[in-house]
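Everything below concerns the one structure shown next.
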Amino acid sequence: MRWVPFIIVAYLAAVLQASLGRILVIERLGFGPIGPDVMAMVAIFVALWVRSGAEVIVAVWTLGMLVDLTTGSGVGVTTVVGPMTIAYSAAAGLLLRIREGLFRERALPQMIVAALFVVLAHTIWALLQAMLGRGAVSFATFGRTMLQIVASAVYTAILMPLMHTLLSAVRGLLFNAPPNGRRRGRSVRPGI
Amino acid sequence: MAKRSTTPSRAVLAGVLLLVACVLALAGPGVAARLRSTVHWALAPLGDAGMYLTTAVKSRAVDRPDLTAGQAAELVAENRRLRGMVTTQREWLRRIHGQLQGGRQAFDRVFSRAYGPDADVPVRLVPARVVAGDSMPYGWSRLVQAGDRDGVEADMLATQRLLLTDRQKQLPDNLAALSGAALVGRVVETGAFTARLQLVTDEAFASRAHIGRVIDPQHPRQVQMRARMVPLTARINYPVEAYVRGDGRGQLVCEPLAASHNVQPGDILQTRGDEAMLPAAVVIGRVTDVSNDPEHPGMVLVRVEPLADLSALREVYLVVPRISRPGERKGS
């Protein structure tokens with residue numbers, strides 16, 4: 001993993017999601033606004049293609065932290081920093097376990113993975129924010145948030161193949177070497 | 001003997017990082033606010049351009065009726081006629097009031113306070129631009145490019161900043177009049193250069209407010225006055241006290257109100273005008289729906305549509321009160 005290009009891509013993704021990406025947010029729905037999770041798409045791409053599990057965890061942790069630092073409202077009165085970091089890490093950990101069985105170049109598996117990733121990560125985030133944030137959260141509010149999460153997961157899944165194509169164009173910039181197909185395990189380092 | 005790798009295992013790395021995240025999460029909202037404010041400045045430069053495009057697109061997405069030139073001319077003529085009527089009525093009111101009270105000076109002071117320039121209201125308006133929203137779509141907040149260094153603090157209120165013009169051409173400099181037309185939110189976090197606004201539609205937003213009932217001669221309404229129903233007139237049209245909160249879905253809801261107030265769609269929700277943070281009555285929104293509260297007989301649930309188009313919000317005024325707030329020492 002080349003960390004400097006990755007940090008730049010992560011920063012651009014965070015800015016995109018918080019500003020230009022707001023164009024894609026649909027606000028006039030009966031249960032509240034929904035939108036695609038660009039950072040989750042980047043996290044899924046990294047988890048699918050970076051060979052080293054340790055590098056995946058560091059990268060996804062960074063992406064989750066960026067989301068936490070650029071989100072000031074949501075479930076509960078005031079949100080805290082950390083829940084999305086935990087949520088992305090947990091979802092990526094699960095994805096690392098199953099990625100060997102996926103056809104990651106195909107659009108359909110990418111969409112299914114994106115939907116499941118967002119549902120899992122955002123549910124963990126909402127639960128932790130409800131517990132740790134300031135202010136009481138009613139069951140009705142939480143139920144409504146779950147509807148938003150499911151709708152946002154579908155939205156993200158629809159856009160995932162497009163984002164995968166875009167990120168594939170800069171894959172050589174992000175990774176040290178072309179990923180080695182379905183081989184599992186750590187990369188071989190010279191001298192070890 | 002084989003050399004042991006110093007690279008931490010995936011489990012150890014994951015454990016350490018998760019521990020850091022857990023500590024941050026448990027540290028609470030106060031630490032979170034400080035952490036966010038230290039990185040918000042990094043969002044502003046690129047986010048500003050992004051929000052320019054976003055608000056441009058969103059403002060076009062709002063359904064607005066297409067006016068023909070003839071319809072526009074009719075509206076202008078009607079507006080002029082109504083303005084003339086308002087002026088006449090205002091003059092008439094001024095005369096009657098002066099005659100009745102004999103206190104023209106006191107009246108002028110009140111009139112000036114209601115309609116005069118912002119110098120009469122003890123606040124300073126800090127212009128700011130929205131440079132980013134939230135990463136997550138579930139809340140209603142915006143990042144604005146004004147912070148501690150501009151005197152902005154948490155709990156201060158923000159109004160929309162509108163350009164008022166009836167010209168169709170591009171305006172030259174120094175001709176535009178800017179107006180804080182509607183309340184849009186409250187500052188919840190501040191950094192040196194940025195502040196985070198909680199919009200009025202956010203579920204965490206709550207405020208006391210007044211509902212002004214609009215008197216329409218075409219549709220008179222009855223309200224309760226001392227145990228009997230009487231027609232609503234200007235003399236008894238006192239503002240209805242309300243406690244309002246965002247519903248998280250793009251509107252505001254009032255705590256159940258007595259049905260006897262006879263609040264109706266079209267009525268105006270506005271700030272109270274007697275609060276230290278915003279000592280002026282500023283419109284928040286318009287009542288769109290009034291329905292019976294099934295849990296509290298005799299009470300109604302009132303929904304309010306914000307006056308400002310929050311999805312296309314770009315320019316705001318942050319209201320910095322000039323008078324000291326309750327519990328605040330002078331000079332602090």
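The chains in the structure tokens are called A, B, ... from first to last as shown; in each chain the residues are counted from 1, and the ligands are counted from 1 in the order shown.
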
Write out as a Markdown table a residue-level contact list of chain B versus chain A with cut-off 7 Å: for each qualifying residue the closest pair of atoms and the distance in Å to one decimal, counting only C-alpha atoms, rows sorted by chain and residue number upward.
```
| residue | atom | partner | partner_atom | distance |
| --- | --- | --- | --- | --- |
| B:Arg10 | CA | A:Ala54 | CA | 4.7 |
| B:Leu13 | CA | A:Ala54 | CA | 6.8 |
| B:Ala14 | CA | A:Ile57 | CA | 6.5 |
| B:Leu18 | CA | A:Ile86 | CA | 6.2 |
| B:Ala21 | CA | A:Gly82 | CA | 4.7 |
| B:Cys22 | CA | A:Gly82 | CA | 6.3 |
| B:Leu24 | CA | A:Gly82 | CA | 5.6 |
| B:Ala25 | CA | A:Gly82 | CA | 4.6 |
| B:Leu26 | CA | A:Leu132 | CA | 6.9 |
| B:Gly28 | CA | A:Val80 | CA | 5.8 |
| B:Pro29 | CA | A:Val80 | CA | 4.8 |
| B:Ala32 | CA | A:Val81 | CA | 5.1 |
| B:Arg36 | CA | A:Leu69 | CA | 5.0 |
| B:Leu43 | CA | A:Val15 | CA | 6.0 |
| B:Leu46 | CA | A:Val15 | CA | 6.8 |
| B:Gly47 | CA | A:Ser19 | CA | 5.2 |
| B:Gly50 | CA | A:Leu20 | CA | 4.3 |
| B:Met51 | CA | A:Ser19 | CA | 5.0 |
| B:Leu53 | CA | A:Leu20 | CA | 6.7 |
| B:Thr54 | CA | A:Ile23 | CA | 5.2 |
| B:Lys58 | CA | A:Ile23 | CA | 6.8 |
| B:Ala132 | CA | A:Ser19 | CA | 4.8 |
| B:Gly133 | CA | A:Ala18 | CA | 4.9 |
| B:Asp134 | CA | A:Thr71 | CA | 4.7 |
| B:Ser135 | CA | A:Ala18 | CA | 4.6 |
| B:Met136 | CA | A:Thr71 | CA | 6.1 |
| B:Pro137 | CA | A:Ile34 | CA | 5.5 |
| B:Tyr138 | CA | A:Gly74 | CA | 5.2 |
| B:Gly139 | CA | A:Gly74 | CA | 4.0 |
| B:Trp140 | CA | A:Ser73 | CA | 6.5 |
| B:Ser141 | CA | A:Ser73 | CA | 6.3 |
| B:Ala204 | CA | A:Val77 | CA | 4.8 |
| B:Gly248 | CA | A:Gly32 | CA | 6.1 |
| B:Arg249 | CA | A:Gly32 | CA | 4.2 |
| B:Gly250 | CA | A:Arg28 | CA | 6.8 |
```

Name the residues in contact with Thr190 in chain B at a cut-off of 12 Å, using only C-alpha atoms, excluding same-chain residues fewer than 6 positions from it; report them as a PyMOL selection string.
(chain A and resi 72) or (chain B and resi 30+32-41+142-156+196-198+318)

Restricting the output to N, CA and C atoms, write the selected residues as a short mmCIF file (atom, residue, chain, number, x, y, z; two decimals), in the first residue's frame.
```cif
data_model
loop_
_atom_site.label_atom_id
_atom_site.label_comp_id
_atom_site.auth_asym_id
_atom_site.auth_seq_id
_atom_site.Cartn_x
_atom_site.Cartn_y
_atom_site.Cartn_z
N GLY A 72 -21.20 15.66 12.41
CA GLY A 72 -21.53 16.31 13.69
C GLY A 72 -22.94 16.07 14.15
N GLY B 30 -17.77 16.25 24.19
CA GLY B 30 -16.91 17.41 24.37
C GLY B 30 -15.58 17.23 23.67
N ALA B 32 -15.05 15.08 21.32
CA ALA B 32 -15.35 14.94 19.89
C ALA B 32 -15.42 16.31 19.22
N ALA B 33 -16.07 17.26 19.88
CA ALA B 33 -16.20 18.60 19.30
C ALA B 33 -14.84 19.24 19.12
N ARG B 34 -13.97 19.08 20.14
CA ARG B 34 -12.63 19.68 20.03
C ARG B 34 -11.82 19.03 18.90
N LEU B 35 -11.94 17.69 18.80
CA LEU B 35 -11.22 16.98 17.74
C LEU B 35 -11.71 17.42 16.36
N ARG B 36 -13.03 17.52 16.22
CA ARG B 36 -13.59 17.91 14.92
C ARG B 36 -13.14 19.31 14.52
N SER B 37 -13.17 20.21 15.51
CA SER B 37 -12.83 21.60 15.17
C SER B 37 -11.37 21.73 14.75
N THR B 38 -10.51 20.77 15.16
CA THR B 38 -9.11 20.86 14.75
C THR B 38 -8.90 20.40 13.31
N VAL B 39 -9.86 19.66 12.75
CA VAL B 39 -9.67 19.20 11.37
C VAL B 39 -10.62 19.88 10.38
N HIS B 40 -11.58 20.63 10.89
CA HIS B 40 -12.56 21.22 9.98
C HIS B 40 -11.94 22.19 8.98
N TRP B 41 -10.89 22.87 9.41
CA TRP B 41 -10.26 23.84 8.51
C TRP B 41 -9.78 23.16 7.24
N ARG B 142 -24.46 21.79 9.14
CA ARG B 142 -23.61 22.37 8.10
C ARG B 142 -22.38 22.99 8.76
N LEU B 143 -21.28 22.97 8.00
CA LEU B 143 -20.05 23.60 8.47
C LEU B 143 -19.95 24.97 7.81
N VAL B 144 -19.75 26.01 8.61
CA VAL B 144 -19.65 27.36 8.03
C VAL B 144 -18.28 27.95 8.31
N GLN B 145 -17.89 28.87 7.43
CA GLN B 145 -16.53 29.41 7.50
C GLN B 145 -16.48 30.67 8.35
N ALA B 146 -16.76 30.51 9.61
CA ALA B 146 -16.59 31.59 10.60
C ALA B 146 -16.47 30.89 11.95
N GLY B 147 -15.59 31.36 12.77
CA GLY B 147 -15.37 30.64 14.02
C GLY B 147 -15.04 31.55 15.19
N ASP B 148 -14.28 30.97 16.13
CA ASP B 148 -13.91 31.69 17.35
C ASP B 148 -13.35 33.09 17.05
N ARG B 149 -12.55 33.16 16.01
CA ARG B 149 -11.86 34.43 15.72
C ARG B 149 -12.82 35.52 15.29
N ASP B 150 -14.02 35.11 14.88
CA ASP B 150 -15.03 36.10 14.51
C ASP B 150 -15.99 36.37 15.67
N GLY B 151 -15.71 35.77 16.81
CA GLY B 151 -16.57 35.97 17.97
C GLY B 151 -17.74 35.01 18.03
N VAL B 152 -17.69 33.96 17.21
CA VAL B 152 -18.80 33.00 17.19
C VAL B 152 -18.61 31.98 18.30
N GLU B 153 -19.69 31.71 19.02
CA GLU B 153 -19.65 30.73 20.12
C GLU B 153 -20.81 29.77 19.98
N ALA B 154 -20.72 28.68 20.73
CA ALA B 154 -21.81 27.70 20.72
C ALA B 154 -23.10 28.35 21.24
N ASP B 155 -24.22 27.88 20.75
CA ASP B 155 -25.57 28.33 21.12
C ASP B 155 -26.00 29.61 20.40
N MET B 156 -25.10 30.22 19.66
CA MET B 156 -25.53 31.39 18.89
C MET B 156 -26.40 30.93 17.72
N ARG B 196 -19.89 24.68 13.40
CA ARG B 196 -20.88 23.73 12.90
C ARG B 196 -22.27 24.19 13.30
N LEU B 197 -23.13 24.28 12.28
CA LEU B 197 -24.51 24.71 12.51
C LEU B 197 -25.41 23.49 12.64
N GLN B 198 -26.25 23.51 13.63
CA GLN B 198 -27.31 22.49 13.72
C GLN B 198 -28.55 23.14 13.10
N LEU B 318 -24.43 34.74 11.23
CA LEU B 318 -24.37 34.23 12.59
C LEU B 318 -24.65 35.40 13.52
#
```

What is the distance between CA of Leu252 in chain B and CA of Trp125 in chain A, in Å to one decimal?
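CA of Leu252 in chain B sits 25.2 Å away from CA of Trp125 in chain A.
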
Enter the distance from CA of Ala312 in chain B to CA of Ala56 in chain B, in Å, rounded to one decimal.
7.0 Å

Quick one: distance from CA of Thr165 in chain A to CA of Ala49 in chain B in Å, one decimal?
24.6 Å

From a DSSP calculation on the backbone, collect every residue of chain A in alpha helix (DSSP H) and output the set as an NGL selection string.
:A and (3-18 or 38-49 or 53-69 or 83-98 or 107-132 or 139-169 or 171-174)

Contacts of Leu95 in chain A at 8 Å (only C-alpha atoms; same-chain gap of 3+ positions) as JSON, numbers by chain
{"A": [47, 48, 91, 92, 98, 99]}

Where does DSSP see strand (DSSP E) in range 69-286 of chain B, if you list the residues as a PyMOL selection string?
chain B and resi 123-133+141-144+157-164+177-190+195-199+206-212+222-225+228-231+240-246+252-258+268-270+283-286

Shell of 9 Å around Pro279 in chain B, only C-alpha atoms, local chain residues under 6 positions omitted, as number ranges by chain
B: 121-123, 271-273, 321

Could the residues in this selection be written to a file with C-alpha atoms, as a short mmCIF file (atom, residue, chain, number, x, y, z; two decimals), in the first residue's frame?
```
data_model
loop_
_atom_site.label_atom_id
_atom_site.label_comp_id
_atom_site.auth_asym_id
_atom_site.auth_seq_id
_atom_site.Cartn_x
_atom_site.Cartn_y
_atom_site.Cartn_z
CA VAL B 121 -31.28 45.24 17.62
CA PRO B 122 -28.36 44.64 19.98
CA VAL B 123 -26.65 42.02 17.84
CA THR B 271 -38.65 33.47 17.34
CA ARG B 272 -39.93 35.14 20.49
CA GLY B 273 -38.03 38.37 20.21
CA PRO B 321 -25.52 39.18 20.75
#
```

Excluding range 227-243 of chain B and its own-chain neighbours fewer than 5 positions away, which residues fall within 7 Å of it when counting only C-alpha atoms? Please give them as a PDB file with N, CA, C and O atoms, in the first residue's frame.
```pdb
ATOM      1  N   SER B 207     -36.481  24.739  20.488  1.00  0.00           N
ATOM      2  CA  SER B 207     -36.498  26.146  20.857  1.00  0.00           C
ATOM      3  C   SER B 207     -37.910  26.580  21.237  1.00  0.00           C
ATOM      4  O   SER B 207     -38.891  26.002  20.769  1.00  0.00           O
ATOM      5  N   ARG B 208     -37.972  27.596  22.075  1.00  0.00           N
ATOM      6  CA  ARG B 208     -39.266  28.229  22.329  1.00  0.00           C
ATOM      7  C   ARG B 208     -39.549  29.183  21.173  1.00  0.00           C
ATOM      8  O   ARG B 208     -38.616  29.755  20.606  1.00  0.00           O
ATOM      9  N   ALA B 209     -40.812  29.342  20.838  1.00  0.00           N
ATOM     10  CA  ALA B 209     -41.144  30.196  19.696  1.00  0.00           C
ATOM     11  C   ALA B 209     -42.566  30.723  19.846  1.00  0.00           C
ATOM     12  O   ALA B 209     -43.274  30.372  20.808  1.00  0.00           O
ATOM     13  N   HIS B 210     -42.929  31.580  18.939  1.00  0.00           N
ATOM     14  CA  HIS B 210     -44.294  32.103  18.876  1.00  0.00           C
ATOM     15  C   HIS B 210     -44.928  31.723  17.545  1.00  0.00           C
ATOM     16  O   HIS B 210     -44.244  31.717  16.524  1.00  0.00           O
ATOM     17  N   ILE B 211     -46.223  31.453  17.587  1.00  0.00           N
ATOM     18  CA  ILE B 211     -46.955  31.264  16.336  1.00  0.00           C
ATOM     19  C   ILE B 211     -47.840  32.489  16.139  1.00  0.00           C
ATOM     20  O   ILE B 211     -48.663  32.821  16.996  1.00  0.00           O
ATOM     21  N   GLY B 212     -47.615  33.159  15.040  1.00  0.00           N
ATOM     22  CA  GLY B 212     -48.448  34.322  14.698  1.00  0.00           C
ATOM     23  C   GLY B 212     -49.581  33.882  13.792  1.00  0.00           C
ATOM     24  O   GLY B 212     -49.333  33.318  12.724  1.00  0.00           O
ATOM     25  N   ARG B 213     -50.812  34.111  14.249  1.00  0.00           N
ATOM     26  CA  ARG B 213     -51.959  33.669  13.438  1.00  0.00           C
ATOM     27  C   ARG B 213     -52.300  34.738  12.402  1.00  0.00           C
ATOM     28  O   ARG B 213     -52.497  35.910  12.748  1.00  0.00           O
ATOM     29  N   PRO B 220     -62.510  33.937   8.165  1.00  0.00           N
ATOM     30  CA  PRO B 220     -62.429  34.281   9.592  1.00  0.00           C
ATOM     31  C   PRO B 220     -62.390  33.023  10.453  1.00  0.00           C
ATOM     32  O   PRO B 220     -62.929  31.990  10.077  1.00  0.00           O
ATOM     33  N   ARG B 221     -61.745  33.141  11.596  1.00  0.00           N
ATOM     34  CA  ARG B 221     -61.672  31.972  12.490  1.00  0.00           C
ATOM     35  C   ARG B 221     -62.050  32.363  13.905  1.00  0.00           C
ATOM     36  O   ARG B 221     -61.900  33.533  14.286  1.00  0.00           O
ATOM     37  N   GLN B 222     -62.532  31.378  14.629  1.00  0.00           N
ATOM     38  CA  GLN B 222     -62.958  31.587  16.005  1.00  0.00           C
ATOM     39  C   GLN B 222     -61.861  31.105  16.952  1.00  0.00           C
ATOM     40  O   GLN B 222     -61.255  30.056  16.718  1.00  0.00           O
ATOM     41  N   CYS B 254     -44.352  21.106  16.641  1.00  0.00           N
ATOM     42  CA  CYS B 254     -44.574  21.802  17.907  1.00  0.00           C
ATOM     43  C   CYS B 254     -45.063  20.802  18.940  1.00  0.00           C
ATOM     44  O   CYS B 254     -45.758  19.829  18.606  1.00  0.00           O
ATOM     45  N   GLU B 255     -44.709  21.019  20.181  1.00  0.00           N
ATOM     46  CA  GLU B 255     -45.318  20.258  21.268  1.00  0.00           C
ATOM     47  C   GLU B 255     -46.819  20.505  21.179  1.00  0.00           C
ATOM     48  O   GLU B 255     -47.249  21.583  20.739  1.00  0.00           O
TER      49      GLU B 255
END
```

For Gly285 in chain B: contacts at 10 Å, only C-alpha atoms, fewer than 3 positions along chain excluded, given as a list in words
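Skipping anything fewer than 3 positions along the chain leaves Ala182, Leu183, Val184, Val200, Ile211, Gln251, Leu252, Gly266, Asp267, Ile268, Leu269, Gln270, Thr271, Val282, Thr288, Arg303, Val304, Glu305, Pro306, Leu307 and Ala308 of chain B.
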